[in-house]
Amino acid sequence: MTREELLAAIDKKYKDIGQDPDTHLSGLLHAKPMTYWDFIQVDALLGLQTQRTEHPDEMVFIMYHQINELIFKMILWEISQVAQATPITTQKFSMHLDRVSRYFDMLSQSFVIMGDGMEKEQFMKFRDTLTPGSGFQSAQYRKIEFASTELINLIDNRFRATIDRDTPFEHAYNHLYWQAAGKNYDTGDKTTLLNNFEKKYMEDFITFMKEYNTSNLWTKFKTLPKEDQQNDTLRNAMRHYDHTVNVSWVMAHLNAALKYIGDGTATGGSEWQKYMHPKYQKRIFFPDLWSEEELKNWGVTNLEGHE
Ligand code: HEM
C-alpha cells in the first residue's frame with residue numbers, strides 16, 4: 001500500500017464508524033512506542049506466583065500448573081477455530097489438529113518436571129496447604145474434553161447404556177466419568193472437591209457442553225469428505241492426539257502421583273489410585289479409530305508405535 005492509499009483507508013475506516021480520522025491520527029502521534037513488556041504483559045504475568053509456604057519447590061508446582069493452564073488456553077483457542085468454521089476444509093481441520101496435538105505433546109513430555117523436579121520432603125509439606133483443592137478442579141482441562149469429543153465418550157462406562165442424544169445435559173453431566181472422583185453413587189453425596197468445583201463452574205460447563213455438542217473435534221471430523229476421513233495421515237494424527245491426552249498424559253500424571261503419595265490420600269480426597277488409571281476410566285475421544293483389540297487393551301498394553 002502506498003502512503004496515500006494507507007491514509008485513504010484510515011480515513012474510510014473511521015468515517016465509516018462516524019469518527020474523525022484526524023483525532024485518531026493525532027492519537028497515533030502521541031501514543032507511546034510499543035515495548036515487549038507492554039505487549040506481552042510481562043509484569044502482570046510474573047506477578048501471579050504467590051507461595052503459601054516457604055518451601056522453594058512450591059514455586060515449581062505453582063508455575064508448572066500456570067504453564068499448563070496457559071497451554072490449555074492455547075488448545076481451546078485452536079479447537080474453537082475448528083468449531084467456528086462451517087463447513088470446515090480437511091486442510092484447515094488438519095492444521096488446527098496438529099497445533100492442538102503439538103501442545104498436548106508438550107504437556108505430556110514435560111510432565112517429568114512434576115515427577116523429578118521437586119523434592120518429595122518439600123512436596124509433602126506444601127501440598128497440605130492445597131487441601132481440599134486439586135488439579136482435578138481445572139475447568140479448562142474439562143473443557144478440552146468437552147470440545148474434543150461427543151458427550152457419550154465422557155460418560156462413566158457403567159452408565160453409558162442409560163444415556164443417549166435426547167438425555168438432558170444436566171443428567172449427562174451428573175454421569176460424566178470424573179464424577180466418580182468425588183461422588184458416592186449409593187447416597188448421591190458429593191465431596192467438597194466436587195461441590196466447590198460445581199458451584200463455580202457447573203453452569204458454565206452446561207453452556208459449553210451445549211455449544212460443543214455439535215461442533216466438537218470428533219463431530220467435525222465426521223463432516224469431512226468420506227475419503228479424507230479414511231486418510232491414514234489424518235487418522236493417525238487423530239489417534240496420536242487421543243492417545244497423548246488419554247494415555248500418555250494420564251500415565252505421566254499417575255506416575256508422578258504414585259511417586260509422591262504412593263498409597264496415601266490425595267488432596268482432593270478421591271480414591272485416586274483406582275480412579276486415575278486409564279484402564280479404569282477408559283476415556284477415549286475417538287473410539288471408532290481404534291480396533292476392538294486396542295480398545296480392550298486401552299491403557300494396559302504399551303501402544304508405542306501406534307502411529
Ligand atoms: C506432583 C504433581 C501432581 C500430583 C501428585 C497430582 C495428583 C493428583 C491426584 C491424586 C488427583 C485425583 C484427584 C484428587 O485430588 O483426589 C489429580 C487429579 C487431576 N490433576 Fe493432578 N497432580 C499433580 C499435578 C498436576 C498438574 C501439573 C496438572 C495440570 C493442570 C494436574 C491436573 C489434574 C487433573 C486435570 C486432574 C483430574 C484428572 C481426572 O479426572 O482423571 N495435576 N491429581
# chains A, B, ... in the order shown; residues from 1 in each chain; ligands from 1
call {"tool": "residues_around", "arguments": {"residues": "range 201-203 of chain A", "least_positions_apart": "3", "cutoff": "12 Å", "atoms": "only C-alpha atoms", "output": "PyMOL selection string"}}
result
chain A and resi 137-140+142-143+169-170+173-174+194-198+206-210
call {"tool": "residues_near_ligand", "arguments": {"ligand": "ligand 1", "cutoff": "8 Å", "atoms": "only C-alpha atoms and all ligand atoms", "output": "PDB file with N, CA and C atoms, in the first residue's frame"}}
result
ATOM      1  N   PHE A  61       5.841 -26.058  41.504  1.00  0.00           N
ATOM      2  CA  PHE A  61       4.490 -26.619  41.422  1.00  0.00           C
ATOM      3  C   PHE A  61       3.489 -25.570  40.908  1.00  0.00           C
ATOM      4  N   TYR A  64       4.421 -24.503  37.153  1.00  0.00           N
ATOM      5  CA  TYR A  64       4.137 -25.527  36.142  1.00  0.00           C
ATOM      6  C   TYR A  64       2.618 -25.655  35.916  1.00  0.00           C
ATOM      7  N   HIS A  65       1.854 -25.511  36.982  1.00  0.00           N
ATOM      8  CA  HIS A  65       0.393 -25.522  36.796  1.00  0.00           C
ATOM      9  C   HIS A  65      -0.046 -24.317  35.963  1.00  0.00           C
ATOM     10  N   GLN A  66       0.556 -23.173  36.224  1.00  0.00           N
ATOM     11  CA  GLN A  66       0.168 -21.987  35.441  1.00  0.00           C
ATOM     12  C   GLN A  66       0.526 -22.174  33.965  1.00  0.00           C
ATOM     13  N   ASN A  68       0.634 -24.981  32.434  1.00  0.00           N
ATOM     14  CA  ASN A  68      -0.394 -25.897  31.917  1.00  0.00           C
ATOM     15  C   ASN A  68      -1.668 -25.136  31.550  1.00  0.00           C
ATOM     16  N   GLU A  69      -2.090 -24.242  32.429  1.00  0.00           N
ATOM     17  CA  GLU A  69      -3.333 -23.503  32.155  1.00  0.00           C
ATOM     18  C   GLU A  69      -3.183 -22.635  30.906  1.00  0.00           C
ATOM     19  N   PHE A 111       5.831 -33.446  31.666  1.00  0.00           N
ATOM     20  CA  PHE A 111       5.277 -33.775  32.983  1.00  0.00           C
ATOM     21  C   PHE A 111       6.346 -34.258  33.968  1.00  0.00           C
ATOM     22  N   MET A 114       7.132 -32.401  37.023  1.00  0.00           N
ATOM     23  CA  MET A 114       6.454 -32.716  38.280  1.00  0.00           C
ATOM     24  C   MET A 114       7.101 -33.928  38.942  1.00  0.00           C
ATOM     25  N   GLY A 115       7.300 -34.980  38.168  1.00  0.00           N
ATOM     26  CA  GLY A 115       7.813 -36.230  38.734  1.00  0.00           C
ATOM     27  C   GLY A 115       9.215 -36.094  39.312  1.00  0.00           C
ATOM     28  N   PHE A 123       7.479 -31.298  48.870  1.00  0.00           N
ATOM     29  CA  PHE A 123       6.144 -31.503  48.291  1.00  0.00           C
ATOM     30  C   PHE A 123       5.153 -31.941  49.368  1.00  0.00           C
ATOM     31  N   PRO A 132      -8.656 -28.599  50.398  1.00  0.00           N
ATOM     32  CA  PRO A 132      -9.134 -29.731  49.610  1.00  0.00           C
ATOM     33  C   PRO A 132      -9.148 -29.444  48.100  1.00  0.00           C
ATOM     34  N   GLY A 133      -8.257 -28.599  47.633  1.00  0.00           N
ATOM     35  CA  GLY A 133      -8.173 -28.312  46.199  1.00  0.00           C
ATOM     36  C   GLY A 133      -7.380 -29.397  45.488  1.00  0.00           C
ATOM     37  N   SER A 134      -7.454 -29.403  44.157  1.00  0.00           N
ATOM     38  CA  SER A 134      -6.737 -30.397  43.350  1.00  0.00           C
ATOM     39  C   SER A 134      -6.750 -29.942  41.897  1.00  0.00           C
ATOM     40  N   GLY A 135      -5.740 -30.389  41.131  1.00  0.00           N
ATOM     41  CA  GLY A 135      -5.725 -30.140  39.686  1.00  0.00           C
ATOM     42  C   GLY A 135      -6.993 -30.676  39.038  1.00  0.00           C
ATOM     43  N   PHE A 136      -7.661 -31.569  39.745  1.00  0.00           N
ATOM     44  CA  PHE A 136      -8.958 -32.086  39.303  1.00  0.00           C
ATOM     45  C   PHE A 136      -9.901 -30.928  38.986  1.00  0.00           C
ATOM     46  N   GLN A 137      -9.709 -29.816  39.694  1.00  0.00           N
ATOM     47  CA  GLN A 137     -10.619 -28.670  39.528  1.00  0.00           C
ATOM     48  C   GLN A 137     -10.197 -27.719  38.406  1.00  0.00           C
ATOM     49  N   SER A 138      -9.372 -28.195  37.481  1.00  0.00           N
ATOM     50  CA  SER A 138      -9.010 -27.360  36.332  1.00  0.00           C
ATOM     51  C   SER A 138     -10.172 -27.360  35.323  1.00  0.00           C
ATOM     52  N   TYR A 141      -9.203 -27.987  31.585  1.00  0.00           N
ATOM     53  CA  TYR A 141      -8.949 -29.391  31.246  1.00  0.00           C
ATOM     54  C   TYR A 141     -10.263 -30.070  30.862  1.00  0.00           C
ATOM     55  N   ARG A 142     -11.307 -29.811  31.647  1.00  0.00           N
ATOM     56  CA  ARG A 142     -12.629 -30.398  31.348  1.00  0.00           C
ATOM     57  C   ARG A 142     -13.165 -29.873  30.029  1.00  0.00           C
ATOM     58  N   TYR A 177     -17.539 -39.268  33.589  1.00  0.00           N
ATOM     59  CA  TYR A 177     -16.632 -40.212  34.260  1.00  0.00           C
ATOM     60  C   TYR A 177     -15.977 -39.618  35.496  1.00  0.00           C
ATOM     61  N   TRP A 178     -15.701 -38.307  35.456  1.00  0.00           N
ATOM     62  CA  TRP A 178     -14.949 -37.724  36.571  1.00  0.00           C
ATOM     63  C   TRP A 178     -15.777 -37.468  37.822  1.00  0.00           C
ATOM     64  N   ALA A 181     -14.728 -39.372  40.960  1.00  0.00           N
ATOM     65  CA  ALA A 181     -13.650 -38.959  41.871  1.00  0.00           C
ATOM     66  C   ALA A 181     -14.207 -38.391  43.174  1.00  0.00           C
ATOM     67  N   GLY A 182     -15.505 -37.991  43.150  1.00  0.00           N
ATOM     68  CA  GLY A 182     -15.999 -37.333  44.361  1.00  0.00           C
ATOM     69  C   GLY A 182     -17.450 -37.609  44.680  1.00  0.00           C
ATOM     70  N   LEU A 193     -14.463 -31.383  47.255  1.00  0.00           N
ATOM     71  CA  LEU A 193     -13.733 -31.199  45.992  1.00  0.00           C
ATOM     72  C   LEU A 193     -14.717 -30.957  44.838  1.00  0.00           C
ATOM     73  N   VAL A 250      -2.119 -39.120  31.016  1.00  0.00           N
ATOM     74  CA  VAL A 250      -2.741 -39.719  32.216  1.00  0.00           C
ATOM     75  C   VAL A 250      -1.725 -40.583  32.962  1.00  0.00           C
ATOM     76  N   HIS A 253       0.947 -38.396  34.657  1.00  0.00           N
ATOM     77  CA  HIS A 253       0.323 -37.771  35.820  1.00  0.00           C
ATOM     78  C   HIS A 253       0.193 -38.790  36.960  1.00  0.00           C
ATOM     79  N   LEU A 254      -0.304 -39.970  36.616  1.00  0.00           N
ATOM     80  CA  LEU A 254      -0.486 -41.013  37.623  1.00  0.00           C
ATOM     81  C   LEU A 254       0.866 -41.422  38.233  1.00  0.00           C
ATOM     82  N   ALA A 256       3.541 -39.628  38.520  1.00  0.00           N
ATOM     83  CA  ALA A 256       4.017 -38.562  39.416  1.00  0.00           C
ATOM     84  C   ALA A 256       3.286 -38.671  40.753  1.00  0.00           C
ATOM     85  N   ALA A 257       1.964 -38.907  40.683  1.00  0.00           N
ATOM     86  CA  ALA A 257       1.179 -39.025  41.923  1.00  0.00           C
ATOM     87  C   ALA A 257       1.679 -40.209  42.748  1.00  0.00           C
ATOM     88  N   LEU A 258       1.958 -41.334  42.065  1.00  0.00           N
ATOM     89  CA  LEU A 258       2.429 -42.532  42.779  1.00  0.00           C
ATOM     90  C   LEU A 258       3.763 -42.249  43.455  1.00  0.00           C
ATOM     91  N   LYS A 259       4.623 -41.522  42.765  1.00  0.00           N
ATOM     92  CA  LYS A 259       5.952 -41.236  43.300  1.00  0.00           C
ATOM     93  C   LYS A 259       5.873 -40.436  44.604  1.00  0.00           C
ATOM     94  N   TYR A 260       4.969 -39.465  44.630  1.00  0.00           N
ATOM     95  CA  TYR A 260       4.890 -38.628  45.829  1.00  0.00           C
ATOM     96  C   TYR A 260       3.984 -39.200  46.896  1.00  0.00           C
ATOM     97  N   ILE A 261       2.788 -39.615  46.475  1.00  0.00           N
ATOM     98  CA  ILE A 261       1.836 -40.009  47.528  1.00  0.00           C
ATOM     99  C   ILE A 261       1.655 -41.511  47.682  1.00  0.00           C
ATOM    100  N   THR A 265      -3.290 -40.444  50.854  1.00  0.00           N
ATOM    101  CA  THR A 265      -4.527 -39.770  50.445  1.00  0.00           C
ATOM    102  C   THR A 265      -4.224 -38.580  49.547  1.00  0.00           C
ATOM    103  N   ALA A 266      -5.144 -38.346  48.608  1.00  0.00           N
ATOM    104  CA  ALA A 266      -4.995 -37.216  47.686  1.00  0.00           C
ATOM    105  C   ALA A 266      -5.554 -35.957  48.326  1.00  0.00           C
ATOM    106  N   THR A 267      -5.029 -34.788  47.908  1.00  0.00           N
ATOM    107  CA  THR A 267      -5.549 -33.536  48.478  1.00  0.00           C
ATOM    108  C   THR A 267      -7.034 -33.395  48.166  1.00  0.00           C
ATOM    109  N   GLY A 268      -7.428 -33.880  46.985  1.00  0.00           N
ATOM    110  CA  GLY A 268      -8.846 -33.782  46.602  1.00  0.00           C
ATOM    111  C   GLY A 268      -9.689 -34.887  47.207  1.00  0.00           C
ATOM    112  N   GLY A 269      -9.031 -35.879  47.818  1.00  0.00           N
ATOM    113  CA  GLY A 269      -9.759 -36.914  48.556  1.00  0.00           C
ATOM    114  C   GLY A 269     -10.355 -38.042  47.726  1.00  0.00           C
ATOM    115  N   SER A 270      -9.983 -38.146  46.443  1.00  0.00           N
ATOM    116  CA  SER A 270     -10.552 -39.238  45.635  1.00  0.00           C
ATOM    117  C   SER A 270      -9.830 -40.544  45.934  1.00  0.00           C
ATOM    118  N   GLU A 271     -10.472 -41.654  45.505  1.00  0.00           N
ATOM    119  CA  GLU A 271      -9.752 -42.933  45.579  1.00  0.00           C
ATOM    120  C   GLU A 271      -8.908 -42.995  44.317  1.00  0.00           C
ATOM    121  N   TRP A 272      -7.903 -42.155  44.298  1.00  0.00           N
ATOM    122  CA  TRP A 272      -7.212 -41.823  43.061  1.00  0.00           C
ATOM    123  C   TRP A 272      -6.466 -42.969  42.412  1.00  0.00           C
ATOM    124  N   GLN A 273      -5.878 -43.896  43.215  1.00  0.00           N
ATOM    125  CA  GLN A 273      -5.097 -44.985  42.588  1.00  0.00           C
ATOM    126  C   GLN A 273      -5.968 -45.777  41.622  1.00  0.00           C
ATOM    127  N   TYR A 275      -9.152 -44.604  40.541  1.00  0.00           N
ATOM    128  CA  TYR A 275      -9.864 -43.683  39.655  1.00  0.00           C
ATOM    129  C   TYR A 275      -9.033 -43.228  38.457  1.00  0.00           C
ATOM    130  N   MET A 276      -7.752 -42.942  38.688  1.00  0.00           N
ATOM    131  CA  MET A 276      -6.977 -42.269  37.647  1.00  0.00           C
ATOM    132  C   MET A 276      -6.431 -43.153  36.527  1.00  0.00           C
ATOM    133  N   HIS A 277      -6.341 -44.447  36.735  1.00  0.00           N
ATOM    134  CA  HIS A 277      -5.702 -45.273  35.706  1.00  0.00           C
ATOM    135  C   HIS A 277      -6.558 -45.338  34.434  1.00  0.00           C
ATOM    136  N   GLN A 281     -10.790 -45.783  33.666  1.00  0.00           N
ATOM    137  CA  GLN A 281     -11.599 -44.676  33.132  1.00  0.00           C
ATOM    138  C   GLN A 281     -12.038 -44.941  31.695  1.00  0.00           C
TER     139      GLN A 281
END
call {"tool": "closest_residue", "arguments": {"among": "A:Ser148, A:Ser110, A:Ser291, A:Gln179", "to": "Tyr212 in chain A", "atoms": "only C-alpha atoms"}}
result
A:Ser148
call {"tool": "closest_residue", "arguments": {"among": "A:Arg3, A:His243, A:Lys200, A:Arg283", "to": "Asp105 in chain A", "atoms": "only C-alpha atoms"}}
result
A:His243
call {"tool": "atom_distance", "arguments": {"atom1": "CA of Arg127 in chain A", "atom2": "CA of Thr50 in chain A"}}
result
14.2 Å
call {"tool": "select_by_dssp", "arguments": {"residues": "range 36-148 of chain A", "states": "helix (DSSP H, G or I)", "output": "PyMOL selection string"}}
result
chain A and resi 36-40+42-45+57-84+90-110+112-116+120-129+135-137+139-148
call {"tool": "decode", "arguments": {"residues": "range 5-115 of chain A", "atoms": "C-alpha atoms", "output": "PDB file, in the first residue's frame"}}
result
ATOM      1  CA  GLU A   5      -3.672   4.514  -0.085  1.00  0.00           C
ATOM      2  CA  LEU A   6      -2.932   3.919   3.584  1.00  0.00           C
ATOM      3  CA  LEU A   7      -4.234   7.362   4.578  1.00  0.00           C
ATOM      4  CA  ALA A   8      -7.316   6.908   2.415  1.00  0.00           C
ATOM      5  CA  ALA A   9      -8.009   3.523   4.047  1.00  0.00           C
ATOM      6  CA  ILE A  10      -7.629   5.029   7.538  1.00  0.00           C
ATOM      7  CA  ASP A  11      -9.884   7.884   6.515  1.00  0.00           C
ATOM      8  CA  LYS A  12     -12.544   5.466   5.338  1.00  0.00           C
ATOM      9  CA  LYS A  13     -12.250   3.140   8.331  1.00  0.00           C
ATOM     10  CA  TYR A  14     -13.019   5.922  10.827  1.00  0.00           C
ATOM     11  CA  LYS A  15     -15.549   7.832   8.727  1.00  0.00           C
ATOM     12  CA  ASP A  16     -17.492   4.571   8.315  1.00  0.00           C
ATOM     13  CA  ILE A  17     -17.982   4.424  12.077  1.00  0.00           C
ATOM     14  CA  GLY A  18     -18.714   8.145  12.421  1.00  0.00           C
ATOM     15  CA  GLN A  19     -15.300   9.038  13.872  1.00  0.00           C
ATOM     16  CA  ASP A  20     -12.961  11.890  12.960  1.00  0.00           C
ATOM     17  CA  PRO A  21      -9.875  10.279  11.352  1.00  0.00           C
ATOM     18  CA  ASP A  22      -7.673  13.265  12.324  1.00  0.00           C
ATOM     19  CA  THR A  23      -8.309  12.673  16.019  1.00  0.00           C
ATOM     20  CA  HIS A  24      -7.178   9.071  15.610  1.00  0.00           C
ATOM     21  CA  LEU A  25      -4.081  10.117  13.664  1.00  0.00           C
ATOM     22  CA  SER A  26      -3.290  12.587  16.431  1.00  0.00           C
ATOM     23  CA  GLY A  27      -3.717   9.757  18.966  1.00  0.00           C
ATOM     24  CA  LEU A  28      -1.152   7.794  17.000  1.00  0.00           C
ATOM     25  CA  LEU A  29       1.218  10.761  17.152  1.00  0.00           C
ATOM     26  CA  HIS A  30       1.053  10.909  20.958  1.00  0.00           C
ATOM     27  CA  ALA A  31       0.965   7.174  21.681  1.00  0.00           C
ATOM     28  CA  LYS A  32       3.966   5.628  23.462  1.00  0.00           C
ATOM     29  CA  PRO A  33       6.075   3.350  21.268  1.00  0.00           C
ATOM     30  CA  MET A  34       5.242  -0.303  21.876  1.00  0.00           C
ATOM     31  CA  THR A  35       7.569  -2.347  24.087  1.00  0.00           C
ATOM     32  CA  TYR A  36       7.949  -6.070  24.606  1.00  0.00           C
ATOM     33  CA  TRP A  37       6.895  -5.849  28.252  1.00  0.00           C
ATOM     34  CA  ASP A  38       3.693  -3.946  27.499  1.00  0.00           C
ATOM     35  CA  PHE A  39       2.751  -6.132  24.565  1.00  0.00           C
ATOM     36  CA  ILE A  40       3.309  -9.425  26.431  1.00  0.00           C
ATOM     37  CA  GLN A  41       2.085  -8.037  29.788  1.00  0.00           C
ATOM     38  CA  VAL A  42       5.199  -9.415  31.425  1.00  0.00           C
ATOM     39  CA  ASP A  43       4.769  -7.590  34.752  1.00  0.00           C
ATOM     40  CA  ALA A  44       1.223  -8.863  35.199  1.00  0.00           C
ATOM     41  CA  LEU A  45       2.212 -12.377  34.209  1.00  0.00           C
ATOM     42  CA  LEU A  46       5.191 -12.517  36.561  1.00  0.00           C
ATOM     43  CA  GLY A  47       3.162 -11.065  39.399  1.00  0.00           C
ATOM     44  CA  LEU A  48       0.942 -14.109  39.681  1.00  0.00           C
ATOM     45  CA  GLN A  49       3.245 -16.528  41.521  1.00  0.00           C
ATOM     46  CA  THR A  50       2.355 -16.451  45.204  1.00  0.00           C
ATOM     47  CA  GLN A  51       3.632 -19.161  47.529  1.00  0.00           C
ATOM     48  CA  ARG A  52       1.701 -20.237  50.590  1.00  0.00           C
ATOM     49  CA  THR A  53       4.746 -21.791  52.276  1.00  0.00           C
ATOM     50  CA  GLU A  54       8.465 -21.129  52.407  1.00  0.00           C
ATOM     51  CA  HIS A  55       9.426 -24.303  50.544  1.00  0.00           C
ATOM     52  CA  PRO A  56      11.110 -23.236  47.284  1.00  0.00           C
ATOM     53  CA  ASP A  57       9.763 -26.201  45.294  1.00  0.00           C
ATOM     54  CA  GLU A  58       6.234 -24.932  45.832  1.00  0.00           C
ATOM     55  CA  MET A  59       7.193 -22.351  43.202  1.00  0.00           C
ATOM     56  CA  VAL A  60       7.926 -25.147  40.696  1.00  0.00           C
ATOM     57  CA  PHE A  61       4.490 -26.619  41.422  1.00  0.00           C
ATOM     58  CA  ILE A  62       2.624 -23.317  41.072  1.00  0.00           C
ATOM     59  CA  MET A  63       4.422 -22.194  37.935  1.00  0.00           C
ATOM     60  CA  TYR A  64       4.137 -25.527  36.142  1.00  0.00           C
ATOM     61  CA  HIS A  65       0.393 -25.522  36.796  1.00  0.00           C
ATOM     62  CA  GLN A  66       0.168 -21.987  35.441  1.00  0.00           C
ATOM     63  CA  ILE A  67       2.089 -23.042  32.334  1.00  0.00           C
ATOM     64  CA  ASN A  68      -0.394 -25.897  31.917  1.00  0.00           C
ATOM     65  CA  GLU A  69      -3.333 -23.503  32.155  1.00  0.00           C
ATOM     66  CA  LEU A  70      -1.770 -21.240  29.508  1.00  0.00           C
ATOM     67  CA  ILE A  71      -1.239 -24.174  27.167  1.00  0.00           C
ATOM     68  CA  PHE A  72      -4.794 -25.393  27.874  1.00  0.00           C
ATOM     69  CA  LYS A  73      -5.948 -21.959  26.740  1.00  0.00           C
ATOM     70  CA  MET A  74      -3.919 -22.275  23.534  1.00  0.00           C
ATOM     71  CA  ILE A  75      -5.514 -25.683  22.889  1.00  0.00           C
ATOM     72  CA  LEU A  76      -9.039 -24.362  23.423  1.00  0.00           C
ATOM     73  CA  TRP A  77      -8.234 -21.429  21.167  1.00  0.00           C
ATOM     74  CA  GLU A  78      -7.354 -23.783  18.295  1.00  0.00           C
ATOM     75  CA  ILE A  79     -10.333 -26.061  18.854  1.00  0.00           C
ATOM     76  CA  SER A  80     -12.669 -23.063  18.842  1.00  0.00           C
ATOM     77  CA  GLN A  81     -11.425 -22.164  15.365  1.00  0.00           C
ATOM     78  CA  VAL A  82     -12.322 -25.644  14.152  1.00  0.00           C
ATOM     79  CA  ALA A  83     -15.727 -25.333  15.832  1.00  0.00           C
ATOM     80  CA  GLN A  84     -16.493 -21.981  14.239  1.00  0.00           C
ATOM     81  CA  ALA A  85     -15.522 -22.935  10.679  1.00  0.00           C
ATOM     82  CA  THR A  86     -18.686 -24.101   8.939  1.00  0.00           C
ATOM     83  CA  PRO A  87     -18.132 -26.003   6.766  1.00  0.00           C
ATOM     84  CA  ILE A  88     -14.514 -26.826   7.507  1.00  0.00           C
ATOM     85  CA  THR A  89     -11.982 -27.995   4.939  1.00  0.00           C
ATOM     86  CA  THR A  90      -9.785 -31.004   5.628  1.00  0.00           C
ATOM     87  CA  GLN A  91      -6.719 -28.815   5.259  1.00  0.00           C
ATOM     88  CA  LYS A  92      -7.897 -26.377   7.960  1.00  0.00           C
ATOM     89  CA  PHE A  93      -9.048 -29.179  10.253  1.00  0.00           C
ATOM     90  CA  SER A  94      -5.649 -30.916  10.000  1.00  0.00           C
ATOM     91  CA  MET A  95      -3.738 -27.705  10.595  1.00  0.00           C
ATOM     92  CA  HIS A  96      -5.555 -26.942  13.851  1.00  0.00           C
ATOM     93  CA  LEU A  97      -5.495 -30.573  14.973  1.00  0.00           C
ATOM     94  CA  ASP A  98      -1.704 -30.634  14.506  1.00  0.00           C
ATOM     95  CA  ARG A  99      -1.368 -27.483  16.590  1.00  0.00           C
ATOM     96  CA  VAL A 100      -3.551 -28.880  19.367  1.00  0.00           C
ATOM     97  CA  SER A 101      -1.647 -32.148  19.299  1.00  0.00           C
ATOM     98  CA  ARG A 102       1.736 -30.417  19.471  1.00  0.00           C
ATOM     99  CA  TYR A 103       0.616 -28.503  22.550  1.00  0.00           C
ATOM    100  CA  PHE A 104      -0.546 -31.658  24.291  1.00  0.00           C
ATOM    101  CA  ASP A 105       2.700 -33.441  23.340  1.00  0.00           C
ATOM    102  CA  MET A 106       4.451 -30.612  25.139  1.00  0.00           C
ATOM    103  CA  LEU A 107       2.369 -31.145  28.272  1.00  0.00           C
ATOM    104  CA  SER A 108       2.820 -34.878  28.223  1.00  0.00           C
ATOM    105  CA  GLN A 109       6.586 -34.778  27.590  1.00  0.00           C
ATOM    106  CA  SER A 110       7.187 -32.068  30.173  1.00  0.00           C
ATOM    107  CA  PHE A 111       5.277 -33.775  32.983  1.00  0.00           C
ATOM    108  CA  VAL A 112       8.609 -35.105  34.248  1.00  0.00           C
ATOM    109  CA  ILE A 113       9.005 -31.586  35.695  1.00  0.00           C
ATOM    110  CA  MET A 114       6.454 -32.716  38.280  1.00  0.00           C
ATOM    111  CA  GLY A 115       7.813 -36.230  38.734  1.00  0.00           C
TER     112      GLY A 115
END
